[in-house]
Amino acid sequence: MDSPSPEDSGDCTQPPISEDDQRVYFVPYRWWKDAQDSSLTGSDSNGKKKGVLFTALPAPSSYGGPMKLINNIFSSDLLFTLKKEDDTAEDSTDNGEVGVSGRDYALVSGEMWLQALKWHSDSRSALKHVRSFSAGEVDMADVYPLQLRVSVLVNSLAVKIAKKDNAVELFKRACRIFNVESELLHIWDFSGRTTLLFMTEKTAASRDQRQSDQEAILELQIYGLTDSPKCREGKKDEFSQFSNSASSSSSVSVMNNGSMGGSYSFPRTNSSTFTGSSVESGSLGLTGLQNLGNTCFMNSALQCLAHTPKLVDYFLGDYSGEINHDNPLGMDGEIALAFGDLLRKLWAPGATTVAPRMFKSKLARFAPQFSGFNQHDSQELLAFLLDGLHEDLNRVKCKPYIEVKDGEGRPDEQVADEYWQNHLARNDSIIVDLFQGQYKSTLVCPICKKVSITFDPFMYLSLPLPSTTMRTMTVTVINTEGSSKPSLVTIMVSKSGKTEDLVLALTTTCSLGVDETFLVAEIYNHRIIRFLEDPVDSLSLLRDDDCLVAYRLPKDTEKGSLIVFMHEEMEEQYLHGKQTFSWKAFGVPLVARTSAFNGCNIHNLYLKLLNPFLIAGEDDVHGTDTSQGTGAEGTPKTQNAVISESSLDVRLTNGLDSPKDNEFQFYMTDDKGSVKESKIETTEPITSEDLPRRLNVVVCWPEKKTELYDTVLLNTVPEIFKPGLLPRRPQESVSLYRCLEAFLKEEPLGPEDMWYCPGCKQHRQATKKLDLWRLPEILVIHLKRFSYSRFTKNKLETYVDFPIEDLDLAMYITNKNTHPSYRYMLYAVSNHYGGLGSGHYTAFVHHGGRRWYDFDDSHVYPISDEKIKTSAAYVLFYQRVADL
């Protein structure tokens, strides 16, 4: 029966027992006996493990003769009996005459199986004079589960293998293995599981609780048989070719809370995919993690850590003695225990997809920001987890107080070592051993030139992407002279630039004259919502879906006001079967500068601005609008106009506001064009002193005018950036070395990060320079793809070209005496696909040789090393390698 999952139990106080201890492995007897005999060479023979011998016999049937054949055909279950032999039969196995025919097997526990596997691994390695064995040197078959139903009889066991309990393919294999019709089959039980079954039945019988039809479920892990998917039915050659290609391994310790010492390598297979079903032999570590609901970010980070070599060795061993229960910064070892339990499940032989519920619950308990089922950042989880594991496993029980001393002119090497030893005096764990390095930080005061040098530890490097500093912007340029149609101008500006940078780029692109200037405005809903007049305003406030218009104006050399024309047209509607009309805004506002204000000038200025939008063949329109005539009382239409107060509810209350009129109607309005304050009449002139600096005018279009002008062009204002409207630019590419150089370059601190200068006794905007001083064994590099500002957030899709097999940091390390090697090899990548706040995380993991696997939640796929480098790479994991 399956034991309760550690996830479902309460808080862990002791390291959980590995699932391997609960598993029973079905292996060839000779394979097991060779390992057992050799391990006892030179020791007391009494230490030899005794097994219980069973002989497999056909199950008794009430049908005989021809009816027996019919019963076998229609039966869906495989039935046989395991008869328990006496001790004399077991002793006869010492003569070496049994276990050779291939019909002799052993039942062993998970720990025994691991010990035997280690012995065979080491013996092959010794023969080849190498330190570890590889997959190509070991004839590994599948490890797959098989479920049996066992009933206890008198001195025997009735076994049923039901088709409904096992996959079809596994049931077929079981029929071949346990075929007892033609040849005897012997099974030795060294696991003690059958003895436990007999004892349980005996106890139940003594209490009159025995039931004749009671069955116990026994799940076997089949290992080491020639009946493997790659060896059966003529596919031996194919498997042989695969074994020769899969010639590498990964070193992993398999100690169970200290029960086994040493470290050895597990061979791996190259399955096309591993999911929740049974996995292949040697596929240790190729186990997926179930997505519990937007937990792909967690799964990605966990898979990268679960394949960090020495970290896996540590957590598969006995680490309970290093748990620090007294650390106030720790979590009483609960995070470490949950993480260790999860690693044991991922590395268990024959493991299937793991649901990390217990780890998720512990994570949410100690880091509430990761509770629930929202998407999060895998790097933020990684930072918390590494810090939490360090505090839980900190070997320093009582942290001493250490006063930091100034360098006082001492050599950097001496000061750096002092800083590092002070750090280790308070922080000493497996995380520090593997992940922590040291960098040199230099601050220089811009006033008194005071220099401050410190040596600080780091867990990972967060590198900027320097190639993504430019931004593409499309702006609509309108000439206020009415001499040309609007044009679209696409420019490149710095993402951290200001309004003055935008105007400068426009000036250069449009070849602006010395007597001209640009007035840039943001347009929304056919209105100007703001002018970009402050040269120091940040461009980061502008989103890609905003619309910008740059008005090309003469420089303001004399007094004059700016006129902003907004457009409205009559919209016909039907409400409750009645025809009604209302005014609706359209088009981009037009802007002009003038010092002469009267009705005629405003009218003519507007017509001048509309000239580029005039449809060809309608040249008489302006003549109609400006022709002189007499009104009803003989007043010329071109007499000077004044701005007269009137109540202008523009509903069809009089003939002048009728959509049938052929003339433009001009009204004073506010910045938003929502209120018509007064109508501009042609009566008498007014003085410019009565006018504001910026005059907002709304122009009501009659129906005829909308037919004479290109209103489609007048409405055309594209967004600042829309990929579909622009030719696709080549994907930006930058090398990892360039990112590192950008991280290490000298730069001034921001206004929000002022440094308190001990010389000036004031906060100063000092310059800062970082240098790598001491490198860790495991180097984690975080690529800063996500950028945030007060109003915007964005993801950078830059392709980073990072080395896979040879990251050489020799030229970037300041202290050349800390390590013999500065070369690193990539072994894992955390990827993020999609946009900010959503998307999906996966992990690429190196699995020996040139074999990589894609861990996509519960699915694990092989992937070629040519596909490792993508623009989705987010966190890189490197391991130090020795110099050649």
# chains A, B, ... in the order shown; residues from 1 in each chain; ligands from 1
>>> residues_around(residues="Pro457 (chain A)", least_positions_apart="3", cutoff="7 Å", atoms="only C-alpha atoms", output="list of chain:residue names")
A:Gln436, A:Gly437, A:Gln438, A:Tyr439
>>> write_last_selection(atoms="N, CA and C atoms", output="compact mmCIF listing (two decimals), in the first residue's frame")
# COMPACT_ATOMS: atom_id res chain seq x y z
N GLN A 436 28.20 31.76 -3.60
CA GLN A 436 28.58 33.13 -3.25
C GLN A 436 29.99 33.48 -3.70
N GLY A 437 30.09 34.66 -4.29
CA GLY A 437 31.36 35.23 -4.68
C GLY A 437 31.54 36.58 -4.02
N GLN A 438 32.51 37.35 -4.50
CA GLN A 438 32.82 38.64 -3.88
C GLN A 438 33.21 39.64 -4.95
N TYR A 439 32.69 40.86 -4.84
CA TYR A 439 33.10 41.89 -5.77
C TYR A 439 33.62 43.10 -5.01
>>> select_by_dssp(residues="region 334-550 of chain A", states="strand (DSSP E)", output="ChimeraX atom specification")
/A:437-444,451-458,461-463,470-479,487-494,516-524,527-531,547-550
>>> write_last_selection(atoms="C-alpha atoms", output="PDB file, in the first residue's frame")
ATOM      1  CA  GLY A 437      31.362  35.234  -4.682  1.00  0.00           C
ATOM      2  CA  GLN A 438      32.821  38.636  -3.876  1.00  0.00           C
ATOM      3  CA  TYR A 439      33.104  41.889  -5.768  1.00  0.00           C
ATOM      4  CA  LYS A 440      34.999  45.107  -5.137  1.00  0.00           C
ATOM      5  CA  SER A 441      32.914  48.276  -4.883  1.00  0.00           C
ATOM      6  CA  THR A 442      34.606  51.661  -5.336  1.00  0.00           C
ATOM      7  CA  LEU A 443      32.811  54.942  -4.569  1.00  0.00           C
ATOM      8  CA  VAL A 444      34.330  58.355  -5.353  1.00  0.00           C
ATOM      9  CA  VAL A 451      37.458  57.142  -2.155  1.00  0.00           C
ATOM     10  CA  SER A 452      35.623  54.349  -0.354  1.00  0.00           C
ATOM     11  CA  ILE A 453      36.429  50.701  -1.165  1.00  0.00           C
ATOM     12  CA  THR A 454      34.419  47.768   0.158  1.00  0.00           C
ATOM     13  CA  PHE A 455      34.363  44.065  -0.684  1.00  0.00           C
ATOM     14  CA  ASP A 456      30.842  42.681  -0.654  1.00  0.00           C
ATOM     15  CA  PRO A 457      29.496  39.152  -1.262  1.00  0.00           C
ATOM     16  CA  PHE A 458      27.074  38.346  -4.065  1.00  0.00           C
ATOM     17  CA  LEU A 461      25.005  38.776 -11.044  1.00  0.00           C
ATOM     18  CA  SER A 462      22.163  40.881 -12.480  1.00  0.00           C
ATOM     19  CA  LEU A 463      23.397  42.079 -15.849  1.00  0.00           C
ATOM     20  CA  MET A 470      16.975  52.954 -28.060  1.00  0.00           C
ATOM     21  CA  ARG A 471      13.305  53.315 -28.835  1.00  0.00           C
ATOM     22  CA  THR A 472      11.502  53.637 -32.159  1.00  0.00           C
ATOM     23  CA  MET A 473       8.886  56.422 -32.269  1.00  0.00           C
ATOM     24  CA  THR A 474       6.551  57.487 -35.076  1.00  0.00           C
ATOM     25  CA  VAL A 475       5.408  61.112 -35.056  1.00  0.00           C
ATOM     26  CA  THR A 476       2.950  62.906 -37.396  1.00  0.00           C
ATOM     27  CA  VAL A 477       4.532  66.156 -38.636  1.00  0.00           C
ATOM     28  CA  ILE A 478       2.101  68.928 -39.761  1.00  0.00           C
ATOM     29  CA  ASN A 479       3.253  72.061 -41.601  1.00  0.00           C
ATOM     30  CA  SER A 487       3.953  63.279 -43.035  1.00  0.00           C
ATOM     31  CA  LEU A 488       4.938  60.384 -40.790  1.00  0.00           C
ATOM     32  CA  VAL A 489       8.459  60.525 -39.369  1.00  0.00           C
ATOM     33  CA  THR A 490      10.037  57.543 -37.584  1.00  0.00           C
ATOM     34  CA  ILE A 491      12.992  58.327 -35.346  1.00  0.00           C
ATOM     35  CA  MET A 492      15.195  56.541 -32.790  1.00  0.00           C
ATOM     36  CA  VAL A 493      15.578  58.060 -29.346  1.00  0.00           C
ATOM     37  CA  SER A 494      16.979  56.858 -26.046  1.00  0.00           C
ATOM     38  CA  GLU A 516      11.480  77.232 -37.355  1.00  0.00           C
ATOM     39  CA  THR A 517      10.644  75.202 -34.309  1.00  0.00           C
ATOM     40  CA  PHE A 518       8.578  72.162 -33.334  1.00  0.00           C
ATOM     41  CA  LEU A 519       5.664  72.145 -30.917  1.00  0.00           C
ATOM     42  CA  VAL A 520       4.959  68.521 -29.954  1.00  0.00           C
ATOM     43  CA  ALA A 521       1.532  67.562 -28.653  1.00  0.00           C
ATOM     44  CA  GLU A 522      -0.058  64.336 -27.426  1.00  0.00           C
ATOM     45  CA  ILE A 523      -3.382  63.597 -29.136  1.00  0.00           C
ATOM     46  CA  TYR A 524      -6.254  61.611 -27.692  1.00  0.00           C
ATOM     47  CA  ARG A 527      -8.105  66.580 -28.852  1.00  0.00           C
ATOM     48  CA  ILE A 528      -4.723  67.818 -27.635  1.00  0.00           C
ATOM     49  CA  ILE A 529      -4.435  66.561 -24.075  1.00  0.00           C
ATOM     50  CA  ARG A 530      -1.028  68.163 -23.447  1.00  0.00           C
ATOM     51  CA  PHE A 531       1.860  69.926 -25.117  1.00  0.00           C
ATOM     52  CA  CYS A 547      -0.270  59.420 -30.542  1.00  0.00           C
ATOM     53  CA  LEU A 548       2.120  62.343 -31.096  1.00  0.00           C
ATOM     54  CA  VAL A 549       1.860  65.277 -33.506  1.00  0.00           C
ATOM     55  CA  ALA A 550       4.713  67.724 -34.137  1.00  0.00           C
TER      56      ALA A 550
END
>>> select_by_dssp(residues="region 315-558 of chain A", states="helix (DSSP H, G or I)", output="MDAnalysis selection string")
chainID A and resid 315 320:322 334:346 357:366 368:370 378:392 412:426 430:435 499:509 539:541
>>> residues_around(residues="Ser582 (chain A)", least_positions_apart="2", cutoff="7 Å", atoms="only C-alpha atoms", output="ChimeraX atom specification")
/A:570-572,580,584
>>> write_last_selection(atoms="N, CA and C atoms", output="PDB file, in the first residue's frame")
ATOM      1  N   MET A 570     -21.551  67.070 -38.116  1.00  0.00           N
ATOM      2  CA  MET A 570     -22.887  66.686 -37.704  1.00  0.00           C
ATOM      3  C   MET A 570     -23.077  65.185 -37.894  1.00  0.00           C
ATOM      4  N   GLU A 571     -23.561  64.514 -36.844  1.00  0.00           N
ATOM      5  CA  GLU A 571     -23.812  63.080 -36.888  1.00  0.00           C
ATOM      6  C   GLU A 571     -25.314  62.844 -36.792  1.00  0.00           C
ATOM      7  N   GLU A 572     -25.824  62.106 -37.742  1.00  0.00           N
ATOM      8  CA  GLU A 572     -27.260  61.813 -37.790  1.00  0.00           C
ATOM      9  C   GLU A 572     -27.549  60.562 -36.983  1.00  0.00           C
ATOM     10  N   THR A 580     -32.485  62.656 -35.217  1.00  0.00           N
ATOM     11  CA  THR A 580     -31.851  63.723 -34.438  1.00  0.00           C
ATOM     12  C   THR A 580     -30.435  63.922 -34.949  1.00  0.00           C
ATOM     13  N   LYS A 584     -20.063  65.770 -33.396  1.00  0.00           N
ATOM     14  CA  LYS A 584     -19.085  64.745 -33.033  1.00  0.00           C
ATOM     15  C   LYS A 584     -17.702  65.186 -33.480  1.00  0.00           C
TER      16      LYS A 584
END
>>> closest_atom_pairs(of="region 278-390 of chain A", to="region 846-850 of chain A", cutoff="9 Å", atoms="only C-alpha atoms", output="CSV")
residue,atom,partner,partner_atom,distance
A:Gly285,CA,A:His847,CA,8.9
A:Leu286,CA,A:His847,CA,8.8
A:His307,CA,A:His846,CA,8.2
>>> atom_distance(atom1="CA of Asn817 (chain A)", atom2="CA of Pro411 (chain A)")
13.6 Å
>>> closest_atom_pairs(of="region 335-449 of chain A", to="region 321-324 of chain A", cutoff="7 Å", atoms="only C-alpha atoms", output="tab-separated table")
residue	atom	partner	partner_atom	distance
A:Asp392	CA	A:Asn324	CA	5.4
A:Leu393	CA	A:Ile323	CA	4.7
A:Asn394	CA	A:Asn324	CA	6.0
A:Arg395	CA	A:Glu322	CA	6.1
A:Lys397	CA	A:Asn324	CA	6.7
>>> atom_distance(atom1="CA of Leu772 (chain A)", atom2="CA of Phe743 (chain A)")
10.4 Å
>>> closest_residue(among="A:Met566, A:Ala592, A:Met825, A:Ile813", to="Leu714 (chain A)", atoms="only C-alpha atoms")
A:Met566
>>> atom_distance(atom1="CA of Leu157 (chain A)", atom2="CA of Tyr105 (chain A)")
16.2 Å
>>> closest_residue(among="A:Gln879, A:Asn166, A:Ser830, A:Thr499", to="Ala301 (chain A)", atoms="only C-alpha atoms")
A:Ser830
>>> residues_around(residues="Leu385 (chain A)", least_positions_apart="4", cutoff="9 Å", atoms="only C-alpha atoms", output="ChimeraX atom specification")
/A:335,363,380-381,389-390
>>> write_last_selection(atoms="C-alpha atoms", output="PDB file, in the first residue's frame")
ATOM      1  CA  ILE A 335      12.308  25.199   3.700  1.00  0.00           C
ATOM      2  CA  LEU A 363       6.981  28.705   0.329  1.00  0.00           C
ATOM      3  CA  GLU A 380      12.811  36.533  -7.439  1.00  0.00           C
ATOM      4  CA  LEU A 381      11.848  33.052  -6.270  1.00  0.00           C
ATOM      5  CA  LEU A 389      18.250  27.615   2.289  1.00  0.00           C
ATOM      6  CA  HIS A 390      21.382  29.408   3.468  1.00  0.00           C
TER       7      HIS A 390
END
>>> residues_around(residues="region 26-36 of chain A", least_positions_apart="2", cutoff="7 Å", atoms="only C-alpha atoms", output="ChimeraX atom specification")
/A:24,38-40,99-100,104-108,116,119-120,220-225
>>> residues_around(residues="Arg23 (chain A)", least_positions_apart="4", cutoff="12 Å", atoms="only C-alpha atoms", output="ChimeraX atom specification")
/A:1-3,17-19,107-114,144-147,191-193,218-222,348-351
>>> write_last_selection(atoms="N, CA and C atoms", output="PDB file, in the first residue's frame")
ATOM      1  N   MET A   1       0.855  -1.196   0.000  1.00  0.00           N
ATOM      2  CA  MET A   1       0.000   0.000   0.000  1.00  0.00           C
ATOM      3  C   MET A   1       0.879   1.230   0.000  1.00  0.00           C
ATOM      4  N   ASP A   2       0.479   2.269  -0.690  1.00  0.00           N
ATOM      5  CA  ASP A   2       1.252   3.498  -0.714  1.00  0.00           C
ATOM      6  C   ASP A   2       1.162   4.175   0.639  1.00  0.00           C
ATOM      7  N   SER A   3       2.306   4.625   1.114  1.00  0.00           N
ATOM      8  CA  SER A   3       2.335   5.350   2.366  1.00  0.00           C
ATOM      9  C   SER A   3       1.900   6.770   2.155  1.00  0.00           C
ATOM     10  N   ILE A  17      11.896  10.249   5.116  1.00  0.00           N
ATOM     11  CA  ILE A  17      12.470   9.013   4.584  1.00  0.00           C
ATOM     12  C   ILE A  17      12.287   8.989   3.083  1.00  0.00           C
ATOM     13  N   SER A  18      13.326   8.613   2.372  1.00  0.00           N
ATOM     14  CA  SER A  18      13.246   8.585   0.918  1.00  0.00           C
ATOM     15  C   SER A  18      12.254   7.532   0.479  1.00  0.00           C
ATOM     16  N   GLU A  19      11.588   7.818  -0.635  1.00  0.00           N
ATOM     17  CA  GLU A  19      10.646   6.844  -1.178  1.00  0.00           C
ATOM     18  C   GLU A  19      11.354   5.574  -1.634  1.00  0.00           C
ATOM     19  N   LEU A 107      13.950 -10.020  -4.955  1.00  0.00           N
ATOM     20  CA  LEU A 107      13.223  -8.830  -4.500  1.00  0.00           C
ATOM     21  C   LEU A 107      14.101  -8.109  -3.490  1.00  0.00           C
ATOM     22  N   VAL A 108      14.449  -6.859  -3.763  1.00  0.00           N
ATOM     23  CA  VAL A 108      15.330  -6.098  -2.875  1.00  0.00           C
ATOM     24  C   VAL A 108      14.707  -4.736  -2.604  1.00  0.00           C
ATOM     25  N   SER A 109      15.123  -4.162  -1.499  1.00  0.00           N
ATOM     26  CA  SER A 109      14.627  -2.831  -1.151  1.00  0.00           C
ATOM     27  C   SER A 109      15.341  -1.764  -1.990  1.00  0.00           C
ATOM     28  N   GLY A 110      14.852  -0.542  -1.897  1.00  0.00           N
ATOM     29  CA  GLY A 110      15.467   0.546  -2.658  1.00  0.00           C
ATOM     30  C   GLY A 110      16.910   0.775  -2.261  1.00  0.00           C
ATOM     31  N   GLU A 111      17.208   0.705  -0.971  1.00  0.00           N
ATOM     32  CA  GLU A 111      18.584   0.912  -0.512  1.00  0.00           C
ATOM     33  C   GLU A 111      19.500  -0.188  -1.025  1.00  0.00           C
ATOM     34  N   MET A 112      19.036  -1.441  -0.970  1.00  0.00           N
ATOM     35  CA  MET A 112      19.844  -2.558  -1.484  1.00  0.00           C
ATOM     36  C   MET A 112      20.104  -2.389  -2.979  1.00  0.00           C
ATOM     37  N   TRP A 113      19.074  -1.970  -3.691  1.00  0.00           N
ATOM     38  CA  TRP A 113      19.222  -1.771  -5.137  1.00  0.00           C
ATOM     39  C   TRP A 113      20.276  -0.717  -5.438  1.00  0.00           C
ATOM     40  N   LEU A 114      20.256   0.355  -4.674  1.00  0.00           N
ATOM     41  CA  LEU A 114      21.251   1.408  -4.885  1.00  0.00           C
ATOM     42  C   LEU A 114      22.665   0.924  -4.574  1.00  0.00           C
ATOM     43  N   TYR A 144      10.516   0.087 -14.651  1.00  0.00           N
ATOM     44  CA  TYR A 144       9.114   0.421 -14.822  1.00  0.00           C
ATOM     45  C   TYR A 144       8.298  -0.282 -13.737  1.00  0.00           C
ATOM     46  N   PRO A 145       7.169   0.311 -13.335  1.00  0.00           N
ATOM     47  CA  PRO A 145       6.381  -0.266 -12.242  1.00  0.00           C
ATOM     48  C   PRO A 145       5.438  -1.364 -12.731  1.00  0.00           C
ATOM     49  N   LEU A 146       5.189  -2.296 -11.856  1.00  0.00           N
ATOM     50  CA  LEU A 146       4.240  -3.376 -12.128  1.00  0.00           C
ATOM     51  C   LEU A 146       3.472  -3.633 -10.845  1.00  0.00           C
ATOM     52  N   GLN A 147       2.159  -3.609 -10.925  1.00  0.00           N
ATOM     53  CA  GLN A 147       1.328  -3.751  -9.734  1.00  0.00           C
ATOM     54  C   GLN A 147       0.764  -5.163  -9.637  1.00  0.00           C
ATOM     55  N   SER A 191      13.886  -8.288   0.560  1.00  0.00           N
ATOM     56  CA  SER A 191      13.325  -7.021   1.031  1.00  0.00           C
ATOM     57  C   SER A 191      12.540  -7.168   2.325  1.00  0.00           C
ATOM     58  N   GLY A 192      12.107  -8.408   2.655  1.00  0.00           N
ATOM     59  CA  GLY A 192      11.294  -8.623   3.850  1.00  0.00           C
ATOM     60  C   GLY A 192       9.822  -8.321   3.652  1.00  0.00           C
ATOM     61  N   ARG A 193       9.432  -7.983   2.423  1.00  0.00           N
ATOM     62  CA  ARG A 193       8.054  -7.606   2.204  1.00  0.00           C
ATOM     63  C   ARG A 193       7.108  -8.819   2.314  1.00  0.00           C
ATOM     64  N   LEU A 218       0.929  -4.879  -4.055  1.00  0.00           N
ATOM     65  CA  LEU A 218       2.392  -4.823  -4.037  1.00  0.00           C
ATOM     66  C   LEU A 218       2.866  -4.280  -5.377  1.00  0.00           C
ATOM     67  N   GLU A 219       3.566  -3.161  -5.341  1.00  0.00           N
ATOM     68  CA  GLU A 219       4.086  -2.581  -6.579  1.00  0.00           C
ATOM     69  C   GLU A 219       5.572  -2.874  -6.686  1.00  0.00           C
ATOM     70  N   LEU A 220       5.961  -3.526  -7.754  1.00  0.00           N
ATOM     71  CA  LEU A 220       7.361  -3.858  -8.009  1.00  0.00           C
ATOM     72  C   LEU A 220       7.959  -2.885  -9.015  1.00  0.00           C
ATOM     73  N   GLN A 221       9.215  -2.572  -8.830  1.00  0.00           N
ATOM     74  CA  GLN A 221       9.971  -1.788  -9.820  1.00  0.00           C
ATOM     75  C   GLN A 221      10.847  -2.781 -10.586  1.00  0.00           C
ATOM     76  N   ILE A 222      10.495  -3.055 -11.829  1.00  0.00           N
ATOM     77  CA  ILE A 222      11.211  -4.049 -12.634  1.00  0.00           C
ATOM     78  C   ILE A 222      12.485  -3.409 -13.180  1.00  0.00           C
ATOM     79  N   ALA A 348      14.361   9.980  -7.515  1.00  0.00           N
ATOM     80  CA  ALA A 348      14.042   8.593  -7.188  1.00  0.00           C
ATOM     81  C   ALA A 348      13.991   7.754  -8.457  1.00  0.00           C
ATOM     82  N   PRO A 349      14.587   6.560  -8.455  1.00  0.00           N
ATOM     83  CA  PRO A 349      14.509   5.693  -9.644  1.00  0.00           C
ATOM     84  C   PRO A 349      13.059   5.386 -10.004  1.00  0.00           C
ATOM     85  N   GLY A 350      12.754   5.508 -11.276  1.00  0.00           N
ATOM     86  CA  GLY A 350      11.410   5.219 -11.739  1.00  0.00           C
ATOM     87  C   GLY A 350      10.384   6.251 -11.343  1.00  0.00           C
ATOM     88  N   ALA A 351      10.845   7.447 -10.953  1.00  0.00           N
ATOM     89  CA  ALA A 351       9.907   8.467 -10.489  1.00  0.00           C
ATOM     90  C   ALA A 351       9.020   8.960 -11.620  1.00  0.00           C
TER      91      ALA A 351
END
>>> residues_around(residues="region 862-877 of chain A", least_positions_apart="4", cutoff="8 Å", atoms="only C-alpha atoms", output="PyMOL selection string")
chain A and resi 270-273+304+379+778-785+797-802+826-833+844+850-854
>>> decode(residues="region 448-472 of chain A", atoms="C-alpha atoms", output="PDB file, in the first residue's frame")
ATOM      1  CA  CYS A 448      36.151  66.089  -2.084  1.00  0.00           C
ATOM      2  CA  LYS A 449      37.318  63.069  -4.138  1.00  0.00           C
ATOM      3  CA  LYS A 450      37.044  60.793  -1.109  1.00  0.00           C
ATOM      4  CA  VAL A 451      37.458  57.142  -2.155  1.00  0.00           C
ATOM      5  CA  SER A 452      35.623  54.349  -0.354  1.00  0.00           C
ATOM      6  CA  ILE A 453      36.429  50.701  -1.165  1.00  0.00           C
ATOM      7  CA  THR A 454      34.419  47.768   0.158  1.00  0.00           C
ATOM      8  CA  PHE A 455      34.363  44.065  -0.684  1.00  0.00           C
ATOM      9  CA  ASP A 456      30.842  42.681  -0.654  1.00  0.00           C
ATOM     10  CA  PRO A 457      29.496  39.152  -1.262  1.00  0.00           C
ATOM     11  CA  PHE A 458      27.074  38.346  -4.065  1.00  0.00           C
ATOM     12  CA  MET A 459      24.792  35.379  -4.764  1.00  0.00           C
ATOM     13  CA  TYR A 460      24.196  36.123  -8.449  1.00  0.00           C
ATOM     14  CA  LEU A 461      25.005  38.776 -11.044  1.00  0.00           C
ATOM     15  CA  SER A 462      22.163  40.881 -12.480  1.00  0.00           C
ATOM     16  CA  LEU A 463      23.397  42.079 -15.849  1.00  0.00           C
ATOM     17  CA  PRO A 464      21.784  44.876 -17.888  1.00  0.00           C
ATOM     18  CA  LEU A 465      21.109  44.478 -21.599  1.00  0.00           C
ATOM     19  CA  PRO A 466      22.989  47.460 -23.062  1.00  0.00           C
ATOM     20  CA  SER A 467      21.737  47.109 -26.621  1.00  0.00           C
ATOM     21  CA  THR A 468      18.158  47.906 -25.671  1.00  0.00           C
ATOM     22  CA  THR A 469      18.670  51.585 -24.923  1.00  0.00           C
ATOM     23  CA  MET A 470      16.975  52.954 -28.060  1.00  0.00           C
ATOM     24  CA  ARG A 471      13.305  53.315 -28.835  1.00  0.00           C
ATOM     25  CA  THR A 472      11.502  53.637 -32.159  1.00  0.00           C
TER      26      THR A 472
END
